[in-house]
Each structure stands twice: as C-alpha cells, then as structure tokens.
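Working notes, beginning with the structure itself.
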Amino acid sequence: MSTELSRPQDVFGFTQREILWDRISQGRLEAILRDEQTTVHQVHLDSNSFGEFLFVTTSVPPHR
C-alpha cells in the first residue's frame, strides 16, 4: 500500500471548513502560491450576483 498523499486536501493540508466550502482565505492562497513546490496551471476570474471569485488550478508533488 502506498503512503503517498494524493488528494488535494492531503497535499495542501486543507481544513474541514475549507473542504466543506471549497474556499480558502486570501492569506492561505498567498501561502500556497509562495511555496516553491507549487505549480500554477490556470487562473480564472469570474463573477456572479454573490461577488467575484478567483479560480486557481495548482499542483504540488504528492510526496511533500
């Protein structure tokens, strides 16, 4: 059985609240983006009647 982390919540260490709401704080996003292991694949800004949302697709090696 492999012990590698593969799910985003495992690799990035998301909290239960972040997982439940599919959102992270700006500070948390900045920390992820500053990490040298993070690769940014896509950034998309969108809006609706609730406000503006930034969708960022990233990855990190699973063996952090």
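Ordering of the structure tokens sets the chain letters (A, B, ...); residue numbers start at 1 within each chain; ligands are numbered from 1 in the order shown.
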Near-Gln26 of chain A list (12 Å; only C-alpha atoms; drop same-chain fewer than 4 positions) as a list in words: Glu30, Ala31, Ile32, Leu33, Phe53, Leu54 and Val56 of chain A
Residue list (helix (DSSP H, G or I), DSSP) for chain A, as an MDAnalysis selection string: chainID A and resid 8:11 16:21 26:34
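Using only C-alpha atoms for every distance, the candidate list A:Ser49, A:Phe55, A:Thr15, A:Val60 yields A:Val60 as the residue closest to Gln37 of chain A.
With only C-alpha atoms taken into account, the protein and nucleic acid residues at most 12 Å from Ile19 of chain A (excluding it and anything under 3 positions from it in its own chain) are Arg7, Pro8, Gln9, Asp10, Phe12, Gly13, Phe14, Thr15, Gln16, Asp22, Arg23 and Ile24 of chain A.
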Please, could you write that set of residues out with C-alpha atoms as a PDB file, in the first residue's frame?
```pdb
ATOM      1  CA  ARG A   7      -5.840  14.105  -2.569  1.00  0.00           C
ATOM      2  CA  PRO A   8      -5.669  17.930  -2.642  1.00  0.00           C
ATOM      3  CA  GLN A   9      -6.852  18.173   0.966  1.00  0.00           C
ATOM      4  CA  ASP A  10      -3.953  15.927   1.987  1.00  0.00           C
ATOM      5  CA  PHE A  12      -2.235  21.177   0.727  1.00  0.00           C
ATOM      6  CA  GLY A  13      -3.456  20.416   4.259  1.00  0.00           C
ATOM      7  CA  PHE A  14      -6.905  21.952   3.791  1.00  0.00           C
ATOM      8  CA  THR A  15      -9.060  22.283   6.890  1.00  0.00           C
ATOM      9  CA  GLN A  16     -12.501  20.697   7.124  1.00  0.00           C
ATOM     10  CA  ASP A  22     -14.473  24.828  -1.415  1.00  0.00           C
ATOM     11  CA  ARG A  23     -12.886  28.165  -0.461  1.00  0.00           C
ATOM     12  CA  ILE A  24      -9.684  29.322   1.178  1.00  0.00           C
TER      13      ILE A  24
END
```
Atomic separation - atom CA of Thr38 of chain A relative to atom CA of Thr57 of chain A, Å: 10.2 Å
Two-atom distance - atom CA of Val11 of chain A, atom CA of Phe50 of chain A (Å): 29.2 Å
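Running DSSP on the backbone gives strand (DSSP E or B) for these residues within chain A: Thr39, Val40, His41, Gln42, Val43, His44, Leu45, Asp46, Ser47, Asn48, Gly51, Glu52, Phe53, Leu54, Phe55, Val56, Thr57, Thr58 and Ser59 of chain A.
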